[in-house]
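Asker: Mind having a look at this structure? Questions to follow.
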Protein chains: 2
Amino acid sequence: MSPLSKIHQNLFILIYLNSIVPLSSELKSFLSNKIKRKVYAKNHIINREGEICNNLHVIKKGMVRGYYISDSTDITTWISSDGDIFTSITGFFKNEPAKENIQCLEDTYCEYLEYQDFHYCLKNFPEMREINRIMMVEYYIHAENRAFMTRIPNAKSRLSYFLKNADPKVVERIPKKFLASFLAMRPETLSRILTYPFLPK
Amino acid sequence: MSPLSKIHQNLFILIYLNSIVPLSSELKSFLSNKIKRKVYAKNHIINREGEICNNLHVIKKGMVRGYYISDSTDITTWISSDGDIFTSITGFFKNEPAKENIQCLEDTYCEYLEYQDFHYCLKNFPEMREINRIMMVEYYIHAENRAFMTRIPNAKSRLSYFLKNADPKVVERIPKKFLASFLAMRPETLSRILTYPFLPK
DNA sequence: AGATCCACTTGACATTTGTCAAGTCTTGGA
DNA sequence: TCCAAGACTTGACAAATGTCAAGTGGATCT
(Lines give C-alpha, C1' and ligand atoms only; values in the text may rest on other atoms or scores of the structure.)
Protein backbone atom coordinates (compact mmCIF):
# COMPACT_ATOMS: atom_id res chain seq x y z
CA MET A 1 0.00 0.00 0.00
CA SER A 2 1.48 3.31 -1.07
CA PRO A 3 1.67 6.16 1.41
CA LEU A 4 -0.80 8.09 -0.68
CA SER A 5 -3.49 5.44 -0.53
CA LYS A 6 -3.60 6.07 3.20
CA ILE A 7 -4.24 9.69 2.45
CA HIS A 8 -7.27 8.73 0.42
CA GLN A 9 -8.66 6.44 3.08
CA ASN A 10 -8.79 7.89 6.52
CA LEU A 11 -11.20 10.38 7.88
CA PHE A 12 -8.80 12.81 9.43
CA ILE A 13 -11.52 15.27 10.39
CA LEU A 14 -13.40 12.60 12.30
CA ILE A 15 -10.28 11.59 14.18
CA TYR A 16 -9.46 15.20 14.87
CA LEU A 17 -12.92 16.12 16.15
CA ASN A 18 -13.20 12.92 18.14
CA SER A 19 -9.94 13.71 19.91
CA ILE A 20 -11.47 16.94 21.21
CA VAL A 21 -14.72 15.44 22.45
CA PRO A 22 -15.89 11.85 21.84
CA LEU A 23 -18.49 11.88 19.09
CA SER A 24 -21.83 10.15 19.30
CA SER A 25 -22.25 7.41 16.70
CA GLU A 26 -25.02 9.45 15.05
CA LEU A 27 -22.69 12.38 14.59
CA LYS A 28 -19.94 10.07 13.35
CA SER A 29 -22.11 8.58 10.68
CA PHE A 30 -23.52 11.95 9.69
CA LEU A 31 -20.04 13.36 9.28
CA SER A 32 -18.75 10.32 7.41
CA ASN A 33 -21.25 11.06 4.70
CA LYS A 34 -20.48 14.76 4.54
CA ILE A 35 -16.70 14.85 4.66
CA LYS A 36 -15.21 15.51 1.26
CA ARG A 37 -11.67 15.27 -0.07
CA LYS A 38 -9.71 17.49 -2.34
CA VAL A 39 -6.17 17.89 -3.60
CA TYR A 40 -5.00 21.42 -4.25
CA ALA A 41 -2.00 22.02 -6.49
CA LYS A 42 0.98 23.96 -5.22
CA ASN A 43 0.43 27.70 -5.57
CA HIS A 44 -3.32 27.27 -5.86
CA ILE A 45 -5.24 29.98 -4.08
CA ILE A 46 -7.95 28.33 -2.02
CA ASN A 47 -9.65 31.57 -1.32
CA ARG A 48 -9.24 35.24 -1.85
CA GLU A 49 -10.03 38.27 0.25
CA GLY A 50 -13.64 39.25 -0.27
CA GLU A 51 -14.83 35.76 -1.16
CA ILE A 52 -16.73 33.54 1.22
CA CYS A 53 -14.73 30.48 2.17
CA ASN A 54 -17.24 27.79 2.96
CA ASN A 55 -15.05 24.98 4.08
CA LEU A 56 -13.38 23.79 7.24
CA HIS A 57 -10.22 22.01 6.11
CA VAL A 58 -7.92 19.50 7.69
CA ILE A 59 -4.56 19.03 6.00
CA LYS A 60 -3.63 15.40 5.58
CA LYS A 61 -0.41 16.29 3.83
CA GLY A 62 0.78 19.58 2.44
CA MET A 63 1.19 23.17 3.46
CA VAL A 64 -0.92 26.28 3.30
CA ARG A 65 -0.50 29.93 4.30
CA GLY A 66 -2.83 32.79 5.18
CA TYR A 67 -1.82 36.22 3.97
CA TYR A 68 -2.94 39.78 3.46
CA ILE A 69 -2.02 42.32 0.82
CA SER A 70 -1.47 45.64 2.56
CA ASP A 71 -0.06 48.61 0.62
CA SER A 72 0.90 46.08 -2.06
CA THR A 73 3.02 44.22 0.49
CA ASP A 74 2.33 40.52 0.92
CA ILE A 75 2.12 39.68 4.64
CA THR A 76 1.91 36.06 5.78
CA THR A 77 0.20 35.72 9.15
CA TRP A 78 -0.06 31.95 9.52
CA ILE A 79 1.30 28.75 8.03
CA SER A 80 -0.35 25.37 8.52
CA SER A 81 0.71 21.89 7.51
CA ASP A 82 0.16 18.16 8.05
CA GLY A 83 -2.54 17.49 10.61
CA ASP A 84 -3.55 21.11 11.08
CA ILE A 85 -7.01 22.49 10.50
CA PHE A 86 -7.58 25.75 8.74
CA THR A 87 -10.36 27.92 7.44
CA SER A 88 -11.19 31.52 6.90
CA ILE A 89 -12.54 32.38 10.33
CA THR A 90 -14.67 35.27 9.19
CA GLY A 91 -15.96 33.22 6.30
CA PHE A 92 -16.64 29.97 8.02
CA PHE A 93 -17.76 31.00 11.46
CA LYS A 94 -19.40 34.31 10.67
CA ASN A 95 -20.42 33.61 7.08
CA GLU A 96 -18.84 36.88 5.97
CA PRO A 97 -16.36 37.48 3.16
CA ALA A 98 -12.83 36.50 4.10
CA LYS A 99 -10.38 39.22 5.04
CA GLU A 100 -7.39 37.09 4.19
CA ASN A 101 -6.12 35.04 1.27
CA ILE A 102 -5.21 31.37 1.55
CA GLN A 103 -2.63 29.77 -0.71
CA CYS A 104 -1.06 26.32 -1.02
CA LEU A 105 2.71 26.13 -0.65
CA GLU A 106 2.81 22.46 -1.68
CA ASP A 107 0.42 20.05 -3.33
CA THR A 108 -2.01 19.72 -0.45
CA TYR A 109 -4.30 16.81 0.41
CA CYS A 110 -7.28 18.01 2.41
CA GLU A 111 -10.47 16.81 3.92
CA TYR A 112 -13.13 19.40 4.36
CA LEU A 113 -16.58 19.99 5.70
CA GLU A 114 -18.88 22.52 4.13
CA TYR A 115 -20.40 25.43 5.99
CA GLN A 116 -23.98 24.20 5.88
CA ASP A 117 -23.05 20.72 7.10
CA PHE A 118 -20.96 22.06 9.92
CA HIS A 119 -23.73 24.39 11.00
CA TYR A 120 -26.26 21.61 10.72
CA CYS A 121 -24.13 19.73 13.23
CA LEU A 122 -23.88 22.75 15.50
CA LYS A 123 -27.65 22.92 15.55
CA ASN A 124 -28.40 19.25 15.94
CA PHE A 125 -25.50 17.69 17.81
CA PRO A 126 -24.72 19.36 21.13
CA GLU A 127 -21.22 17.87 21.30
CA MET A 128 -20.39 19.77 18.13
CA ARG A 129 -20.93 23.08 19.88
CA GLU A 130 -18.53 22.01 22.58
CA ILE A 131 -16.01 20.90 19.97
CA ASN A 132 -16.25 24.20 18.16
CA ARG A 133 -15.88 26.12 21.41
CA ILE A 134 -12.70 24.24 22.25
CA MET A 135 -11.41 24.55 18.70
CA MET A 136 -11.83 28.31 18.92
CA VAL A 137 -9.95 28.44 22.21
CA GLU A 138 -7.04 26.62 20.59
CA TYR A 139 -7.24 28.84 17.55
CA TYR A 140 -7.17 31.90 19.76
CA ILE A 141 -4.17 30.76 21.77
CA HIS A 142 -2.36 30.17 18.53
CA ALA A 143 -3.17 33.65 17.23
CA GLU A 144 -2.24 35.27 20.52
CA ASN A 145 1.06 33.46 20.33
CA ARG A 146 1.71 34.85 16.86
CA ALA A 147 0.80 38.31 18.11
CA PHE A 148 3.36 37.91 20.87
CA MET A 149 6.11 36.54 18.64
CA THR A 150 6.16 39.45 16.24
CA ARG A 151 6.58 41.87 19.14
CA ILE A 152 9.88 40.32 20.17
CA PRO A 153 12.27 43.15 19.41
CA ASN A 154 14.96 41.60 17.26
CA ALA A 155 14.97 39.41 14.23
CA LYS A 156 17.19 36.66 15.55
CA SER A 157 15.18 36.31 18.76
CA ARG A 158 11.94 36.06 16.80
CA LEU A 159 13.41 33.25 14.75
CA SER A 160 14.65 31.43 17.87
CA TYR A 161 11.26 31.75 19.52
CA PHE A 162 9.59 30.37 16.45
CA LEU A 163 12.02 27.46 16.10
CA LYS A 164 11.62 26.54 19.77
CA ASN A 165 7.93 25.89 19.19
CA ALA A 166 7.99 24.40 15.70
CA ASP A 167 8.63 21.01 14.15
CA PRO A 168 12.02 21.20 12.35
CA LYS A 169 10.78 18.77 9.67
CA VAL A 170 8.00 21.19 8.84
CA VAL A 171 10.15 24.31 9.12
CA GLU A 172 12.57 23.13 6.46
CA ARG A 173 9.66 22.76 4.05
CA ILE A 174 8.54 26.38 4.42
CA PRO A 175 9.75 28.56 1.53
CA LYS A 176 12.07 31.09 3.10
CA LYS A 177 10.41 34.16 1.69
CA PHE A 178 7.13 33.25 3.39
CA LEU A 179 8.84 32.29 6.62
CA ALA A 180 10.58 35.68 6.57
CA SER A 181 7.28 37.51 6.16
CA PHE A 182 5.72 35.40 8.92
CA LEU A 183 8.61 36.39 11.19
CA ALA A 184 8.21 40.06 10.28
CA MET A 185 11.55 40.44 8.54
CA ARG A 186 12.90 40.66 4.99
CA PRO A 187 14.07 37.53 3.17
CA GLU A 188 17.61 38.94 3.06
CA THR A 189 17.62 39.30 6.83
CA LEU A 190 16.42 35.74 7.37
CA SER A 191 19.00 34.49 4.93
CA ARG A 192 21.80 36.23 6.79
CA ILE A 193 20.62 34.98 10.18
CA LEU A 194 20.47 31.41 8.89
CA THR A 195 23.90 31.71 7.31
CA TYR A 196 25.57 33.04 10.45
CA PRO A 197 23.52 31.56 13.28
CA PHE A 198 26.44 31.82 15.69
CA LEU A 199 26.52 35.60 15.69
CA PRO A 200 25.29 37.19 18.96
CA LYS A 201 21.57 37.62 19.71
CA MET B 1 -27.23 60.59 40.22
CA SER B 2 -23.47 60.55 39.89
CA PRO B 3 -21.87 58.82 36.92
CA LEU B 4 -20.37 56.29 39.26
CA SER B 5 -23.65 55.19 40.73
CA LYS B 6 -24.54 53.90 37.29
CA ILE B 7 -21.41 51.87 37.36
CA HIS B 8 -22.57 50.18 40.50
CA GLN B 9 -26.02 49.44 39.17
CA ASN B 10 -26.10 47.84 35.79
CA LEU B 11 -25.32 44.31 34.88
CA PHE B 12 -22.93 44.88 32.02
CA ILE B 13 -22.14 41.19 31.59
CA LEU B 14 -25.81 40.34 31.19
CA ILE B 15 -26.24 43.05 28.59
CA TYR B 16 -23.10 41.95 26.82
CA LEU B 17 -24.04 38.27 26.73
CA ASN B 18 -27.61 39.02 25.80
CA SER B 19 -26.41 41.03 22.81
CA ILE B 20 -24.67 37.95 21.44
CA VAL B 21 -27.59 35.56 21.89
CA PRO B 22 -30.85 36.33 23.70
CA LEU B 23 -30.74 34.73 27.12
CA SER B 24 -33.51 32.62 28.59
CA SER B 25 -35.02 34.13 31.70
CA GLU B 26 -33.68 31.20 33.74
CA LEU B 27 -30.16 31.96 32.61
CA LYS B 28 -30.67 35.65 33.25
CA SER B 29 -31.75 35.11 36.80
CA PHE B 30 -29.02 32.57 37.42
CA LEU B 31 -26.41 35.01 36.17
CA SER B 32 -27.85 37.95 38.10
CA ASN B 33 -27.10 36.09 41.30
CA LYS B 34 -23.61 35.09 40.28
CA ILE B 35 -22.22 38.27 38.76
CA LYS B 36 -19.87 40.05 41.12
CA ARG B 37 -18.34 43.51 41.07
CA LYS B 38 -14.88 44.69 41.84
CA VAL B 39 -12.81 47.84 41.58
CA TYR B 40 -9.14 47.39 40.91
CA ALA B 41 -6.72 50.20 41.66
CA LYS B 42 -4.49 51.61 38.97
CA ASN B 43 -1.34 49.48 38.60
CA HIS B 44 -2.93 46.53 40.36
CA ILE B 45 -1.93 43.23 38.83
CA ILE B 46 -5.06 41.17 38.36
CA ASN B 47 -3.18 38.05 37.60
CA ARG B 48 0.33 36.85 37.06
CA GLU B 49 1.86 34.31 34.75
CA GLY B 50 1.62 30.89 36.33
CA GLU B 51 -1.48 31.68 38.38
CA ILE B 52 -4.94 30.48 37.49
CA CYS B 53 -7.21 33.37 36.63
CA ASN B 54 -10.70 32.28 37.48
CA ASN B 55 -12.74 35.19 36.30
CA LEU B 56 -14.32 36.44 33.12
CA HIS B 57 -14.31 40.21 33.37
CA VAL B 58 -16.24 42.98 31.71
CA ILE B 59 -14.82 46.46 32.09
CA LYS B 60 -17.43 49.02 32.96
CA LYS B 61 -14.88 51.79 33.13
CA GLY B 62 -11.13 51.63 33.16
CA MET B 63 -8.26 50.10 31.28
CA VAL B 64 -6.30 46.90 31.45
CA ARG B 65 -3.39 45.35 29.55
CA GLY B 66 -2.10 41.83 28.94
CA TYR B 67 1.64 41.42 28.86
CA TYR B 68 4.51 38.96 28.90
CA ILE B 69 7.98 39.20 30.34
CA SER B 70 10.38 37.76 27.81
CA ASP B 71 14.14 38.05 28.35
CA SER B 72 13.30 40.65 30.99
CA THR B 73 11.53 42.73 28.35
CA ASP B 74 7.95 43.73 29.07
CA ILE B 75 5.78 43.06 25.99
CA THR B 76 2.18 44.27 25.90
CA THR B 77 0.04 42.18 23.57
CA TRP B 78 -3.43 43.59 24.21
CA ILE B 79 -5.14 46.56 25.81
CA SER B 80 -8.82 46.59 26.78
CA SER B 81 -11.05 49.32 28.11
CA ASP B 82 -14.64 50.44 28.71
CA GLY B 83 -17.12 47.83 27.55
CA ASP B 84 -14.55 45.18 26.63
CA ILE B 85 -14.38 41.73 28.12
CA PHE B 86 -11.12 40.15 29.15
CA THR B 87 -9.80 37.09 30.85
CA SER B 88 -6.80 34.85 30.82
CA ILE B 89 -7.80 32.50 28.03
CA THR B 90 -5.66 29.61 29.14
CA GLY B 91 -6.83 30.11 32.70
CA PHE B 92 -10.49 30.61 32.17
CA PHE B 93 -11.27 28.38 29.25
CA LYS B 94 -8.72 25.64 29.78
CA ASN B 95 -8.35 25.93 33.55
CA GLU B 96 -4.59 26.05 33.20
CA PRO B 97 -2.15 28.57 34.67
CA ALA B 98 -2.08 31.83 32.74
CA LYS B 99 0.79 32.47 30.36
CA GLU B 100 0.32 36.19 30.53
CA ASN B 101 0.10 38.91 33.16
CA ILE B 102 -2.83 41.30 33.44
CA GLN B 103 -2.44 44.78 34.90
CA CYS B 104 -4.72 47.79 35.39
CA LEU B 105 -3.68 51.01 33.70
CA GLU B 106 -6.41 53.01 35.46
CA ASP B 107 -8.72 52.47 38.39
CA THR B 108 -10.93 49.86 36.79
CA TYR B 109 -14.55 49.01 37.53
CA CYS B 110 -15.33 45.43 36.55
CA GLU B 111 -18.05 42.90 36.66
CA TYR B 112 -16.94 39.32 36.64
CA LEU B 113 -18.16 35.79 36.56
CA GLU B 114 -16.23 33.01 38.24
CA TYR B 115 -14.96 29.95 36.45
CA GLN B 116 -17.26 27.47 38.16
CA ASP B 117 -20.36 29.58 37.55
CA PHE B 118 -19.51 30.09 33.92
CA HIS B 119 -18.89 26.40 33.43
CA TYR B 120 -22.07 25.56 35.26
CA CYS B 121 -23.87 27.66 32.65
CA LEU B 122 -22.02 25.95 29.82
CA LYS B 123 -23.25 22.64 31.14
CA ASN B 124 -26.81 23.60 31.91
CA PHE B 125 -27.79 26.35 29.52
CA PRO B 126 -27.33 25.49 25.86
CA GLU B 127 -27.39 29.13 24.75
CA MET B 128 -24.30 29.71 26.85
CA ARG B 129 -22.30 27.32 24.70
CA GLU B 130 -23.37 29.24 21.63
CA ILE B 131 -22.44 32.52 23.30
CA ASN B 132 -19.04 31.24 24.25
CA ARG B 133 -18.45 29.90 20.74
CA ILE B 134 -19.24 33.30 19.26
CA MET B 135 -17.20 35.10 21.90
CA MET B 136 -14.21 32.98 20.99
CA VAL B 137 -14.64 33.75 17.30
CA GLU B 138 -14.56 37.46 18.11
CA TYR B 139 -11.61 36.99 20.40
CA TYR B 140 -9.78 35.14 17.67
CA ILE B 141 -10.42 37.75 15.02
CA HIS B 142 -9.09 40.34 17.39
CA ALA B 143 -5.90 38.37 18.06
CA GLU B 144 -5.40 37.66 14.38
CA ASN B 145 -5.71 41.36 13.74
CA ARG B 146 -3.02 42.13 16.32
CA ALA B 147 -0.81 39.48 14.75
CA PHE B 148 -1.26 41.17 11.40
CA MET B 149 -0.64 44.69 12.67
CA THR B 150 2.78 43.98 14.11
CA ARG B 151 3.92 42.54 10.79
CA ILE B 152 3.38 45.84 9.01
CA PRO B 153 6.94 46.76 8.14
CA ASN B 154 7.34 50.30 9.45
CA ALA B 155 6.58 52.00 12.69
CA LYS B 156 4.52 54.87 11.34
CA SER B 157 2.32 52.55 9.27
CA ARG B 158 1.69 50.33 12.27
CA LEU B 159 0.56 53.35 14.25
CA SER B 160 -1.72 54.53 11.41
CA TYR B 161 -3.25 51.09 11.09
CA PHE B 162 -3.90 51.00 14.81
CA LEU B 163 -5.41 54.49 14.91
CA LYS B 164 -7.68 53.72 11.97
CA ASN B 165 -9.36 50.98 14.00
CA ALA B 166 -9.33 52.51 17.46
CA ASP B 167 -11.44 54.97 19.41
CA PRO B 168 -9.42 58.22 19.74
CA LYS B 169 -10.94 58.89 23.17
CA VAL B 170 -9.54 55.58 24.37
CA VAL B 171 -6.21 55.95 22.60
CA GLU B 172 -5.37 59.17 24.37
CA ARG B 173 -5.83 57.41 27.72
CA ILE B 174 -3.27 54.71 26.94
CA PRO B 175 0.09 55.43 28.58
CA LYS B 176 2.51 55.89 25.72
CA LYS B 177 5.09 53.41 26.90
CA PHE B 178 2.53 50.61 26.78
CA LEU B 179 1.12 51.75 23.48
CA ALA B 180 4.66 51.71 22.08
CA SER B 181 5.20 48.14 23.23
CA PHE B 182 1.82 47.11 21.82
CA LEU B 183 2.86 48.62 18.49
CA ALA B 184 6.21 46.81 18.60
CA MET B 185 8.36 49.91 18.85
CA ARG B 186 10.33 51.79 21.49
CA PRO B 187 8.73 54.64 23.45
CA GLU B 188 11.25 57.06 21.93
CA THR B 189 10.19 56.03 18.43
CA LEU B 190 6.50 56.49 19.20
CA SER B 191 7.23 59.87 20.75
CA ARG B 192 9.07 61.04 17.65
CA ILE B 193 6.33 59.81 15.31
CA LEU B 194 3.69 61.62 17.35
CA THR B 195 5.75 64.80 17.44
CA TYR B 196 6.35 64.89 13.68
CA PRO B 197 3.31 63.15 12.20
CA PHE B 198 3.73 64.95 8.87
CA LEU B 199 7.03 63.29 8.01
CA PRO B 200 6.79 60.77 5.15
CA LYS B 201 5.46 57.23 5.76
C1' DA C 1 3.57 72.09 50.28
C1' DG C 2 7.61 69.84 49.19
C1' DA C 3 10.08 66.01 47.63
C1' DT C 4 10.41 62.05 44.81
C1' DC C 5 9.45 59.33 41.15
C1' DC C 6 8.63 58.38 36.66
C1' DA C 7 6.64 59.19 32.08
C1' DC C 8 7.77 61.57 28.27
C1' DT C 9 10.68 64.18 25.11
C1' DT C 10 14.76 65.30 22.69
C1' DG C 11 19.47 64.92 20.97
C1' DA C 12 23.55 62.38 19.55
C1' DC C 13 25.02 58.33 18.17
C1' DA C 14 25.11 53.09 17.41
C1' DT C 15 23.09 49.20 15.53
C1' DT C 16 19.94 46.69 13.11
C1' DT C 17 17.41 46.04 9.35
C1' DG C 18 15.92 47.32 4.81
C1' DT C 19 17.05 48.35 -0.10
C1' DC C 20 19.06 47.60 -4.33
C1' DA C 21 21.73 45.08 -7.38
C1' DA C 22 24.18 41.23 -9.00
C1' DG C 23 25.11 36.45 -9.27
C1' DT C 24 24.01 31.45 -8.53
C1' DC C 25 21.10 27.77 -8.33
C1' DT C 26 16.83 25.32 -8.62
C1' DT C 27 12.46 24.51 -10.59
C1' DG C 28 9.00 24.17 -13.88
C1' DG C 29 7.44 24.62 -18.49
C1' DA C 30 7.84 24.57 -23.52
C1' DT D 1 16.74 19.13 -22.86
C1' DC D 2 17.00 23.82 -22.75
C1' DC D 3 15.22 28.15 -21.36
C1' DA D 4 13.03 31.33 -18.36
C1' DA D 5 11.47 32.56 -14.12
C1' DG D 6 12.07 33.11 -9.66
C1' DA D 7 14.03 31.73 -4.99
C1' DC D 8 17.92 32.41 -2.42
C1' DT D 9 22.38 34.45 -1.22
C1' DT D 10 25.71 38.01 -0.80
C1' DG D 11 27.69 42.63 -0.85
C1' DA D 12 27.54 47.59 -0.45
C1' DC D 13 25.09 51.05 1.15
C1' DA D 14 20.93 53.67 3.02
C1' DA D 15 17.46 54.32 6.19
C1' DA D 16 14.89 53.22 10.14
C1' DT D 17 14.94 52.25 14.66
C1' DG D 18 17.16 51.34 19.02
C1' DT D 19 20.25 52.94 22.82
C1' DC D 20 21.89 56.01 26.07
C1' DA D 21 21.82 60.18 28.46
C1' DA D 22 19.95 64.41 29.99
C1' DG D 23 16.29 67.49 30.99
C1' DT D 24 11.29 68.75 31.83
C1' DG D 25 6.98 68.43 33.76
C1' DG D 26 3.32 66.16 35.93
C1' DA D 27 1.60 62.91 39.29
C1' DT D 28 1.75 60.85 43.77
C1' DC D 29 2.95 60.31 48.55
C1' DT D 30 3.99 61.84 53.07
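To be explicit about the labels: the chains of the C-alpha coordinates are called A, B, and onward in the order shown, and within each one the residues are counted from 1, while ligands get numbers from 1 in the order they are shown.
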Using only C-alpha atoms (C1' of nucleotides) and a cut-off of 12 Å, which residues of chain B sit close to chain D? Please list them as number ranges by chain.

Answerer: B: 153-156, 184-190, 192-193, 201

Asker: Kindly determine which residues of chain B lie within 6 Å of chain A, considering only C-alpha atoms, and give the answer as a tab-separated table (two decimals) with N, CA and C atoms, in the first residue's frame.

Answerer:
chain	number	residue	atom	x	y	z
B	133	ARG	N	-19.00	30.17	22.08
B	133	ARG	CA	-18.45	29.90	20.74
B	133	ARG	C	-18.26	31.22	19.99
B	136	MET	N	-15.55	33.43	21.35
B	136	MET	CA	-14.21	32.98	20.99
B	136	MET	C	-13.87	33.36	19.56
B	140	TYR	N	-10.77	35.59	18.64
B	140	TYR	CA	-9.78	35.14	17.67
B	140	TYR	C	-9.50	36.19	16.61
B	143	ALA	N	-7.31	38.78	17.91
B	143	ALA	CA	-5.90	38.37	18.06
B	143	ALA	C	-5.22	38.28	16.70
B	144	GLU	N	-5.93	37.76	15.74
B	144	GLU	CA	-5.40	37.66	14.38
B	144	GLU	C	-5.06	39.05	13.85
B	146	ARG	N	-4.24	41.66	15.66
B	146	ARG	CA	-3.02	42.13	16.32
B	146	ARG	C	-1.79	41.46	15.72
B	147	ALA	N	-1.94	40.19	15.34
B	147	ALA	CA	-0.81	39.48	14.75
B	147	ALA	C	-0.47	40.05	13.38
B	151	ARG	N	3.10	42.94	11.94
B	151	ARG	CA	3.92	42.54	10.79
B	151	ARG	C	4.02	43.65	9.75
B	184	ALA	N	4.90	47.39	18.92
B	184	ALA	CA	6.21	46.81	18.60
B	184	ALA	C	7.22	47.88	18.21

Asker: Let me make sure I understand: among B:Val170, B:Leu23, B:Leu194, B:Leu31, which one has the smallest atom-to-atom distance to chain C if we use only C-alpha atoms (C1' of nucleotides)?

Answerer: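 Nearest to chain C: B:Leu194.
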
Asker: Please report, as a Markdown table, each residue of chain C lying at most 9 Å from chain A, together with the nearest pair of atoms and the separation in Å rounded to one decimal; use only C-alpha atoms (C1' of nucleotides), and order rows by chain and ascending residue number.

Answerer:
| residue | atom | partner | partner_atom | distance |
| --- | --- | --- | --- | --- |
| C:DT16 | C1' | A:Asn154 | CA | 8.2 |
| C:DT17 | C1' | A:Thr189 | CA | 7.2 |
| C:DG18 | C1' | A:Arg186 | CA | 7.3 |

Asker: Which neighbours of Glu26 (chain A) fall inside 12 Å, counting only C-alpha atoms (C1' of nucleotides), when residues of the same chain fewer than 6 positions from it are skipped, and could you give them as a PyMOL selection string?

Answerer: chain A and resi 32-33+121+124-128

Asker: Name the residues of chain A that come out as strand (DSSP E or B) in a backbone DSSP run; write them as a PyMOL selection string.

Answerer: chain A and resi 36-40+45-47+55-61+63-70+73-81+85-86+101-104+108-114

Asker: Could you give me, as a ChimeraX atom specification, the residues within 7 Å of Ile102 (chain A), counting only C-alpha atoms (C1' of nucleotides) and dropping anything in the same chain fewer than 4 positions from it?

Answerer: /A:45-48,64-67

Asker: By how many Å are C1' of DT26 (chain C) and CA of Met63 (chain A) apart?

Answerer: 19.9 Å
